[in-house]
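model_17.txt (compact mmCIF, C-alpha atoms (C1' of nucleotides))
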# COMPACT_ATOMS: atom_id res chain seq x y z
CA MET A 1 -108.76 -53.50 14.86
CA VAL A 2 -105.72 -54.57 12.85
CA LYS A 3 -104.34 -58.07 13.42
CA ILE A 4 -100.66 -58.44 12.50
CA ALA A 5 -98.69 -61.70 12.56
CA THR A 6 -95.09 -62.75 12.01
CA TRP A 7 -94.15 -66.31 11.05
CA ASN A 8 -90.92 -67.94 9.93
CA VAL A 9 -92.34 -70.67 7.66
CA ASN A 10 -89.04 -72.45 6.82
CA SER A 11 -89.78 -72.73 3.06
CA ILE A 12 -93.03 -71.32 1.66
CA LYS A 13 -93.17 -74.16 -0.90
CA ALA A 14 -92.99 -76.83 1.81
CA ARG A 15 -95.45 -74.88 3.99
CA ILE A 16 -98.07 -73.47 1.61
CA GLU A 17 -100.83 -75.83 2.79
CA ALA A 18 -100.08 -75.02 6.44
CA VAL A 19 -100.01 -71.28 5.69
CA VAL A 20 -103.32 -71.42 3.80
CA ALA A 21 -104.97 -73.38 6.63
CA TRP A 22 -103.70 -70.93 9.23
CA LEU A 23 -104.76 -67.84 7.27
CA LYS A 24 -108.26 -69.30 6.97
CA SER A 25 -108.57 -69.94 10.71
CA ALA A 26 -106.72 -66.92 12.14
CA SER A 27 -107.66 -64.38 9.46
CA PRO A 28 -104.87 -61.86 10.20
CA ASP A 29 -104.97 -58.53 8.33
CA ILE A 30 -101.20 -58.40 7.80
CA VAL A 31 -98.68 -61.26 7.84
CA LEU A 32 -94.89 -60.95 7.85
CA LEU A 33 -93.24 -64.14 6.56
CA GLN A 34 -89.59 -65.21 6.76
CA GLU A 35 -87.42 -67.97 5.30
CA LEU A 36 -89.31 -68.31 2.02
CA LYS A 37 -86.35 -70.24 0.55
CA CYS A 38 -87.43 -69.43 -3.01
CA LEU A 39 -87.02 -66.84 -5.71
CA GLU A 40 -89.57 -64.05 -5.79
CA ALA A 41 -90.88 -65.45 -9.09
CA ASP A 42 -91.71 -68.75 -7.37
CA PHE A 43 -93.62 -67.17 -4.48
CA PRO A 44 -97.20 -68.60 -4.45
CA ARG A 45 -98.82 -65.21 -4.95
CA LEU A 46 -101.95 -66.48 -6.68
CA GLU A 47 -102.81 -69.06 -4.01
CA LEU A 48 -102.68 -66.33 -1.38
CA GLU A 49 -104.59 -63.90 -3.57
CA ALA A 50 -107.40 -66.49 -3.75
CA LEU A 51 -107.71 -66.09 0.05
CA GLY A 52 -107.91 -62.32 -0.25
CA TYR A 53 -104.27 -61.48 0.44
CA GLN A 54 -102.08 -59.24 -1.65
CA SER A 55 -98.39 -59.92 -1.30
CA ALA A 56 -94.93 -58.51 -1.80
CA ALA A 57 -91.79 -60.62 -1.51
CA VAL A 58 -88.03 -60.51 -1.87
CA GLY A 59 -86.58 -63.91 -2.58
CA GLN A 60 -83.37 -65.82 -2.99
CA LYS A 61 -82.78 -69.36 -4.22
CA SER A 62 -82.77 -71.92 -1.35
CA TYR A 63 -82.10 -69.44 1.45
CA ASN A 64 -83.63 -66.49 3.28
CA GLY A 65 -86.50 -64.58 1.64
CA VAL A 66 -89.17 -62.42 3.31
CA ALA A 67 -92.71 -61.38 2.42
CA VAL A 68 -95.55 -59.11 3.47
CA LEU A 69 -99.16 -60.24 3.03
CA SER A 70 -102.09 -57.91 3.52
CA LYS A 71 -105.82 -57.77 2.93
CA ARG A 72 -105.26 -54.14 1.89
CA PRO A 73 -103.09 -52.76 -0.95
CA ILE A 74 -99.34 -52.87 -0.29
CA GLU A 75 -96.86 -50.14 -1.21
CA VAL A 76 -93.28 -51.42 -0.90
CA THR A 77 -91.00 -48.75 0.58
CA LEU A 78 -87.73 -50.75 0.92
CA SER A 79 -86.68 -54.19 -0.31
CA ARG A 80 -83.34 -54.26 1.49
CA LEU A 81 -81.93 -52.93 4.73
CA PRO A 82 -80.00 -49.68 4.14
CA GLY A 83 -76.36 -49.37 5.11
CA ASP A 84 -74.51 -51.96 2.99
CA GLU A 85 -74.96 -51.95 -0.79
CA SER A 86 -72.91 -55.16 -1.06
CA ASP A 87 -75.35 -57.17 1.07
CA GLU A 88 -77.23 -59.48 -1.33
CA GLN A 89 -79.17 -61.51 1.25
CA ALA A 90 -82.99 -61.28 1.12
CA ARG A 91 -83.70 -60.45 4.74
CA TYR A 92 -85.67 -57.19 4.84
CA LEU A 93 -88.86 -55.92 3.25
CA GLU A 94 -90.66 -52.76 4.32
CA ALA A 95 -94.07 -51.62 3.16
CA VAL A 96 -97.00 -49.37 3.92
CA THR A 97 -100.36 -51.12 4.15
CA ALA A 98 -103.62 -50.65 6.04
CA GLY A 99 -102.36 -47.29 7.32
CA LEU A 100 -99.27 -48.80 8.96
CA ARG A 101 -95.62 -49.11 8.06
CA VAL A 102 -94.45 -52.69 8.55
CA ALA A 103 -91.20 -54.57 8.01
CA SER A 104 -90.61 -58.30 7.64
CA ILE A 105 -87.21 -59.06 9.15
CA TYR A 106 -85.09 -62.20 8.95
CA LEU A 107 -82.09 -61.36 11.08
CA PRO A 108 -78.99 -63.49 10.45
CA ASN A 109 -78.60 -66.58 12.66
CA GLY A 110 -74.91 -65.87 13.22
CA ASN A 111 -73.68 -69.36 14.13
CA PRO A 112 -70.94 -70.39 14.54
CA PRO A 113 -70.39 -67.54 17.02
CA ASP A 114 -66.65 -67.15 16.45
CA GLY A 115 -66.42 -66.29 12.76
CA GLU A 116 -67.54 -64.12 9.90
CA LYS A 117 -71.19 -65.18 10.22
CA TYR A 118 -71.37 -63.72 13.70
CA ALA A 119 -69.63 -60.53 12.57
CA TYR A 120 -72.23 -60.24 9.77
CA LYS A 121 -75.04 -60.70 12.31
CA LEU A 122 -73.74 -57.98 14.63
CA ALA A 123 -73.15 -55.60 11.72
CA TRP A 124 -76.68 -56.33 10.46
CA MET A 125 -78.11 -55.55 13.91
CA GLU A 126 -76.25 -52.24 13.93
CA ARG A 127 -77.59 -51.38 10.48
CA LEU A 128 -81.07 -52.23 11.74
CA GLN A 129 -80.55 -49.94 14.74
CA ARG A 130 -79.56 -47.04 12.48
CA HIS A 131 -82.55 -47.54 10.19
CA ALA A 132 -84.94 -48.07 13.10
CA ARG A 133 -83.96 -44.63 14.47
CA ASP A 134 -85.02 -43.07 11.19
CA LEU A 135 -88.33 -44.92 11.39
CA LEU A 136 -88.97 -43.65 14.93
CA ALA A 137 -88.29 -40.13 13.72
CA THR A 138 -91.30 -40.39 11.39
CA GLU A 139 -93.51 -40.40 14.52
CA THR A 140 -95.94 -42.76 12.80
CA ALA A 141 -97.25 -46.24 13.57
CA VAL A 142 -94.54 -48.75 12.62
CA VAL A 143 -94.34 -52.50 13.28
CA LEU A 144 -90.99 -54.28 12.87
CA GLY A 145 -91.77 -57.99 12.94
CA GLY A 146 -89.81 -61.09 12.23
CA ASP A 147 -87.34 -63.75 13.20
CA TYR A 148 -84.73 -61.73 15.10
CA ASN A 149 -82.62 -64.80 15.93
CA ALA A 150 -82.20 -63.17 19.35
CA ILE A 151 -83.26 -64.58 22.72
CA PRO A 152 -83.90 -61.40 24.71
CA ALA A 153 -83.53 -62.80 28.24
CA ALA A 154 -83.20 -65.99 30.31
CA LEU A 155 -86.99 -66.24 30.59
CA ASP A 156 -87.10 -66.68 26.81
CA CYS A 157 -85.04 -69.86 26.82
CA TYR A 158 -85.62 -73.33 28.28
CA ASP A 159 -81.97 -73.65 29.35
CA PRO A 160 -79.93 -70.43 29.29
CA ALA A 161 -76.77 -72.28 30.32
CA ALA A 162 -77.00 -74.51 27.25
CA TRP A 163 -77.33 -71.43 25.02
CA ALA A 164 -74.72 -69.25 26.75
CA GLY A 165 -72.23 -69.33 23.88
CA ASP A 166 -74.74 -69.45 21.04
CA ALA A 167 -75.08 -66.61 18.53
CA LEU A 168 -78.78 -66.29 19.47
CA TYR A 169 -78.02 -65.63 23.15
CA LYS A 170 -74.46 -64.29 23.40
CA ILE A 171 -74.24 -61.04 25.36
CA GLU A 172 -73.26 -59.07 22.24
CA THR A 173 -76.50 -60.22 20.57
CA ARG A 174 -78.65 -59.40 23.58
CA GLN A 175 -76.99 -56.00 24.00
CA ARG A 176 -77.79 -55.06 20.43
CA PHE A 177 -81.36 -56.32 20.71
CA ARG A 178 -81.83 -54.33 23.91
CA GLY A 179 -80.20 -51.31 22.30
CA LEU A 180 -82.73 -51.49 19.50
CA VAL A 181 -85.75 -51.87 21.82
CA ASN A 182 -84.44 -49.13 24.12
CA GLN A 183 -84.51 -46.59 21.29
CA GLY A 184 -88.21 -46.43 22.10
CA TRP A 185 -89.72 -49.60 20.63
CA THR A 186 -92.25 -51.75 22.48
CA GLU A 187 -91.59 -55.49 22.24
CA ALA A 188 -95.24 -56.43 22.16
CA PHE A 189 -95.28 -59.89 23.74
CA ARG A 190 -93.03 -59.07 26.68
CA ALA A 191 -94.67 -55.69 27.25
CA LEU A 192 -98.08 -57.32 27.73
CA HIS A 193 -96.86 -60.50 29.45
CA PRO A 194 -93.90 -59.50 31.66
CA HIS A 195 -93.50 -62.87 33.39
CA VAL A 196 -94.87 -65.41 30.90
CA ARG A 197 -92.59 -68.16 29.60
CA SER A 198 -93.73 -68.86 26.05
CA TYR A 199 -91.65 -69.87 23.06
CA SER A 200 -91.89 -69.26 19.31
CA PHE A 201 -89.31 -71.80 18.07
CA TRP A 202 -88.62 -75.45 18.86
CA ASP A 203 -85.84 -77.37 17.16
CA TYR A 204 -86.84 -80.31 14.98
CA GLN A 205 -84.29 -82.44 16.82
CA GLY A 206 -84.39 -84.33 20.07
CA GLY A 207 -88.10 -84.06 20.85
CA ALA A 208 -87.80 -80.32 21.55
CA TRP A 209 -91.46 -79.65 20.71
CA GLN A 210 -92.81 -82.64 22.64
CA ASN A 211 -90.86 -81.54 25.73
CA ASP A 212 -91.45 -77.78 25.24
CA LEU A 213 -87.73 -77.09 24.98
CA GLY A 214 -88.05 -73.89 22.99
CA ILE A 215 -86.81 -70.35 22.66
CA ARG A 216 -88.57 -67.03 21.94
CA ILE A 217 -86.87 -65.38 18.98
CA ASP A 218 -89.78 -64.08 16.86
CA HIS A 219 -90.72 -60.57 17.90
CA LEU A 220 -93.01 -57.66 17.07
CA LEU A 221 -91.49 -54.24 17.80
CA LEU A 222 -93.93 -51.31 17.87
CA SER A 223 -93.20 -47.62 17.52
CA PRO A 224 -94.88 -45.46 20.21
CA GLN A 225 -97.69 -44.56 17.81
CA ALA A 226 -98.37 -48.28 17.23
CA ALA A 227 -97.82 -49.24 20.89
CA ASP A 228 -100.48 -46.73 21.95
CA ARG A 229 -102.94 -48.92 20.03
CA LEU A 230 -101.68 -52.31 21.31
CA GLU A 231 -104.54 -54.41 22.68
CA ASP A 232 -103.26 -57.97 22.57
CA CYS A 233 -100.22 -60.08 21.72
CA ARG A 234 -100.02 -63.87 21.77
CA ILE A 235 -98.14 -66.82 20.38
CA ASP A 236 -100.26 -69.34 18.48
CA ARG A 237 -98.72 -72.74 19.24
CA GLU A 238 -101.29 -74.66 17.20
CA PRO A 239 -99.45 -74.71 13.82
CA ARG A 240 -96.25 -76.05 15.46
CA GLY A 241 -98.09 -79.15 16.66
CA ARG A 242 -99.36 -80.14 13.23
CA LYS A 243 -97.73 -82.55 10.80
CA LYS A 244 -95.05 -81.12 8.50
CA ALA A 245 -94.78 -78.00 10.70
CA SER A 246 -92.30 -75.17 10.48
CA ASP A 247 -89.92 -75.10 13.46
CA HIS A 248 -91.36 -71.62 14.25
CA THR A 249 -94.95 -70.71 15.13
CA PRO A 250 -96.84 -67.42 14.53
CA VAL A 251 -96.72 -64.44 16.90
CA ILE A 252 -99.75 -62.15 16.61
CA CYS A 253 -100.63 -58.68 17.87
CA GLU A 254 -103.80 -56.64 17.64
CA LEU A 255 -103.86 -52.88 17.29
CA ALA A 256 -106.93 -50.73 17.84
CA ALA A 257 -108.30 -49.16 14.67
C1' DA B 1 -73.40 -89.22 23.04
C1' DT B 2 -69.10 -84.25 18.44
C1' DG B 3 -75.33 -87.12 18.64
C1' DG B 4 -80.26 -85.58 16.28
C1' DT B 5 -84.14 -83.31 12.13
C1' DT B 6 -85.82 -80.69 8.22
C1' DG B 7 -85.43 -78.40 3.60
C1' DC B 8 -82.75 -77.15 0.02
C1' DC B 9 -81.98 -80.05 -4.53
C1' DT B 10 -77.21 -82.37 -3.87
C1' DC B 11 -74.32 -86.18 -1.92
C1' DG B 12 -73.07 -80.95 1.94
C1' DC B 13 -74.90 -76.76 4.00
C1' DA B 14 -77.83 -73.92 6.82
C1' DA B 15 -80.74 -73.73 10.55

Can you give me the file's structure in the form of C-alpha cells?
Amino acid sequence: MVKIATWNVNSIKARIEAVVAWLKSASPDIVLLQELKCLEADFPRLELEALGYQSAAVGQKSYNGVAVLSKRPIEVTLSRLPGDESDEQARYLEAVTAGLRVASIYLPNGNPPDGEKYAYKLAWMERLQRHARDLLATETAVVLGGDYNAIPAALDCYDPAAWAGDALYKIETRQRFRGLVNQGWTEAFRALHPHVRSYSFWDYQGGAWQNDLGIRIDHLLLSPQAADRLEDCRIDREPRGRKKASDHTPVICELAA
DNA sequence: ATGGTTGCCTCGCAA
C-alpha cells in the first residue's frame, strides 16, 4: 500500500511544527506540499529528513513554492510546467518515487476574475491539460495532486451562489477542470464518494471553519494505472482544527502495492 | 457591512 497526501500548508516556515506532528501521526509515504512561501534554500529539509522523509522543492521568496516528500528516493523529472518559458512562478514539481510519477501542483488562484490574473490561470490550466495528455500517454501510474484552486461542482461549495463570479468557481474554470479530468483522470475523492459534501479549505475570516463554510479545491487526479489501485481517499480535517492551522487540510489516498 | 484573517516582512499584497 502506498499512502499519498496533498496539503497546501500556507508557509512551510509558519507550519513546520504542524507538518511534523501530522507526518508522525498519519505516516504518509508521499506528501505533495504547496504554498511553501520560501526559497528552496530555506526549505526545512533536515527536519523532515529526521522523520525519514527525503524531499525536493522549488521555491520562491514569499509566494508560491511546491515540494514532494517521500520515504523513498526521489528523482525530479520536471521543476516547472512546460509550455511557457517566461513563467517564473514556482507552481509545479514532478518526480518519480516509490514506483509512481507524482506532481505537486499549485494552480493560480486567478482573482480578481476580470483581469490578467484570471487570464494567467486559464492559460496555466490549458498548459496543464497539454502536459497531462503526455503523462497519460506514458500508460503508467501517475498522481497529480495539489491545490487546483478549482471548485469542481456545487456540491463542493457551501454556497455556490456566493461563489458564482469567483475565479475558483467561474464556468471557465470548471470547464477546464472538467476537461482535464475527462482526458481520463480519476478525481480520487469524488470517484469514491459521489455524494459526500466534504471540504478541504476554510477561509480564516468570518468563522468559516467553526461554521463549516468551506470549499473543496485540493484534489488528487489518478491516471488509469493508478486508479486501478485506488483503495481509499479521505480528507483529514484534524489539522485544520488545531491552533495556528493552515487554511487548507490534507487530502489522502491509498493505492494498493 | 466594500467588512473580516493570516503570512509575507513591510506599512500593502496575496490568498

Which residues are close to Trp124 (chain A), i.e. within 10 Å by all atoms listed in the file, leaving aside same-chain residues fewer than 6 positions away? Reply as a short mmCIF file (atom, residue, chain, number, x, y, z; two decimals) with C-alpha atoms, in the coordinates of the input.
data_model
loop_
_atom_site.label_atom_id
_atom_site.label_comp_id
_atom_site.auth_asym_id
_atom_site.auth_seq_id
_atom_site.Cartn_x
_atom_site.Cartn_y
_atom_site.Cartn_z
CA LEU A 81 -81.93 -52.93 4.73
CA PRO A 82 -80.00 -49.68 4.14
CA GLY A 83 -76.36 -49.37 5.11
CA ASP A 84 -74.51 -51.96 2.99
CA ASP A 87 -75.35 -57.17 1.07
CA ARG A 91 -83.70 -60.45 4.74
CA LEU A 107 -82.09 -61.36 11.08
CA PRO A 108 -78.99 -63.49 10.45
CA TYR A 118 -71.37 -63.72 13.70
CA ARG A 130 -79.56 -47.04 12.48
#

I'd like the neighbourhood of DT5 (chain B) as a CSV table (one decimal) with C-alpha atoms (C1' of nucleotides), in the coordinates of the input, where a residue qualifies if any of its atoms comes within 12 Å (using only C-alpha atoms (C1' of nucleotides)), though same-chain residues fewer than 3 positions away should be ignored.
chain,number,residue,atom,x,y,z
A,202,TRP,CA,-88.6,-75.4,18.9
A,203,ASP,CA,-85.8,-77.4,17.2
A,204,TYR,CA,-86.8,-80.3,15.0
A,205,GLN,CA,-84.3,-82.4,16.8
A,206,GLY,CA,-84.4,-84.3,20.1
A,207,GLY,CA,-88.1,-84.1,20.8
A,208,ALA,CA,-87.8,-80.3,21.6
A,209,TRP,CA,-91.5,-79.6,20.7
A,244,LYS,CA,-95.0,-81.1,8.5
A,245,ALA,CA,-94.8,-78.0,10.7
A,246,SER,CA,-92.3,-75.2,10.5
A,247,ASP,CA,-89.9,-75.1,13.5
B,15,DA,C1',-80.7,-73.7,10.6

- prompt: Counting all atoms listed in the file, which residues from chain B have an atom at most 7 Å from any atom of chain A, and could you show them as JSON, numbers by chain?
  reply: {"B": [4, 5, 6, 8]}

C-alpha atoms (C1' of nucleotides) of the current selection, written as a PDB file, keeping the file's coordinate frame:
ATOM      1  C1'  DG B   4     -80.260 -85.580  16.280  1.00  0.00           C
ATOM      2  C1'  DT B   5     -84.140 -83.310  12.130  1.00  0.00           C
ATOM      3  C1'  DT B   6     -85.820 -80.690   8.220  1.00  0.00           C
ATOM      4  C1'  DC B   8     -82.750 -77.150   0.020  1.00  0.00           C
TER       5       DC B   8
END

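CA of Ile4 (chain A) to CA of Ala57 (chain A) spans 16.7 Å [interatomic distance, one decimal].
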
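Rounded to one decimal, CA of Ser200 (chain A) and CA of Ile235 (chain A) lie 6.8 Å from each other.
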
Residues within 12 Å of Gly99 (chain A), all atoms listed in the file, excluding chain neighbours under 2 positions, as a PyMOL selection string: chain A and resi 1-2+29-30+70-75+95-97+101-102+140-143+225-226+255-257

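Atom pair CA of Leu135 (chain A) / CA of Leu93 (chain A): separated by 13.7 Å.
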
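The residue that comes closest to Pro44 (chain A), out of A:Phe201, A:Arg15, A:Ala153, A:Tyr106 and on the basis of all atoms listed in the file, is A:Arg15.
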
- request: For Val181 (chain A), list every protein, DNA or RNA residue within 10 Å, evaluated using all atoms listed in the file, and leave out those in the same chain fewer than 5 positions away; present the list as a ChimeraX atom specification.
  value: /A:129,132,175-176,186-187,221-223

Would you mind completing region 241-255 of chain A so that it carries N, CA and C atoms, and writing it out as a short mmCIF file (atom, residue, chain, number, x, y, z; two decimals), in the coordinates of the input?
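File rebuild_39.cif, as written:
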data_model
loop_
_atom_site.label_atom_id
_atom_site.label_comp_id
_atom_site.auth_asym_id
_atom_site.auth_seq_id
_atom_site.Cartn_x
_atom_site.Cartn_y
_atom_site.Cartn_z
N GLY A 241 -97.74 -77.79 16.28
CA GLY A 241 -98.09 -79.15 16.66
C GLY A 241 -98.62 -80.00 15.52
N ARG A 242 -98.82 -79.39 14.37
CA ARG A 242 -99.36 -80.14 13.23
C ARG A 242 -98.26 -80.92 12.51
N LYS A 243 -98.69 -81.82 11.61
CA LYS A 243 -97.73 -82.55 10.80
C LYS A 243 -97.05 -81.60 9.82
N LYS A 244 -95.80 -81.92 9.48
CA LYS A 244 -95.05 -81.12 8.50
C LYS A 244 -95.04 -79.62 8.89
N ALA A 245 -94.76 -79.38 10.18
CA ALA A 245 -94.78 -78.00 10.70
C ALA A 245 -93.45 -77.29 10.44
N SER A 246 -93.52 -75.96 10.38
CA SER A 246 -92.30 -75.17 10.48
C SER A 246 -91.75 -75.34 11.89
N ASP A 247 -90.47 -75.04 12.09
CA ASP A 247 -89.92 -75.10 13.46
C ASP A 247 -90.29 -73.83 14.26
N HIS A 248 -90.86 -72.83 13.58
CA HIS A 248 -91.36 -71.62 14.25
C HIS A 248 -92.90 -71.63 14.24
N THR A 249 -93.50 -70.85 15.14
CA THR A 249 -94.95 -70.71 15.13
C THR A 249 -95.31 -69.21 15.14
N PRO A 250 -96.52 -68.84 14.69
CA PRO A 250 -96.84 -67.42 14.53
C PRO A 250 -96.95 -66.65 15.85
N VAL A 251 -96.50 -65.40 15.81
CA VAL A 251 -96.72 -64.44 16.90
C VAL A 251 -97.65 -63.36 16.34
N ILE A 252 -98.68 -63.02 17.12
CA ILE A 252 -99.75 -62.15 16.61
C ILE A 252 -99.99 -60.98 17.56
N CYS A 253 -100.18 -59.79 17.03
CA CYS A 253 -100.63 -58.68 17.87
C CYS A 253 -101.85 -58.03 17.25
N GLU A 254 -102.61 -57.37 18.10
CA GLU A 254 -103.80 -56.64 17.64
C GLU A 254 -103.68 -55.18 18.03
N LEU A 255 -103.89 -54.31 17.05
CA LEU A 255 -103.86 -52.88 17.29
C LEU A 255 -105.26 -52.30 17.11
#
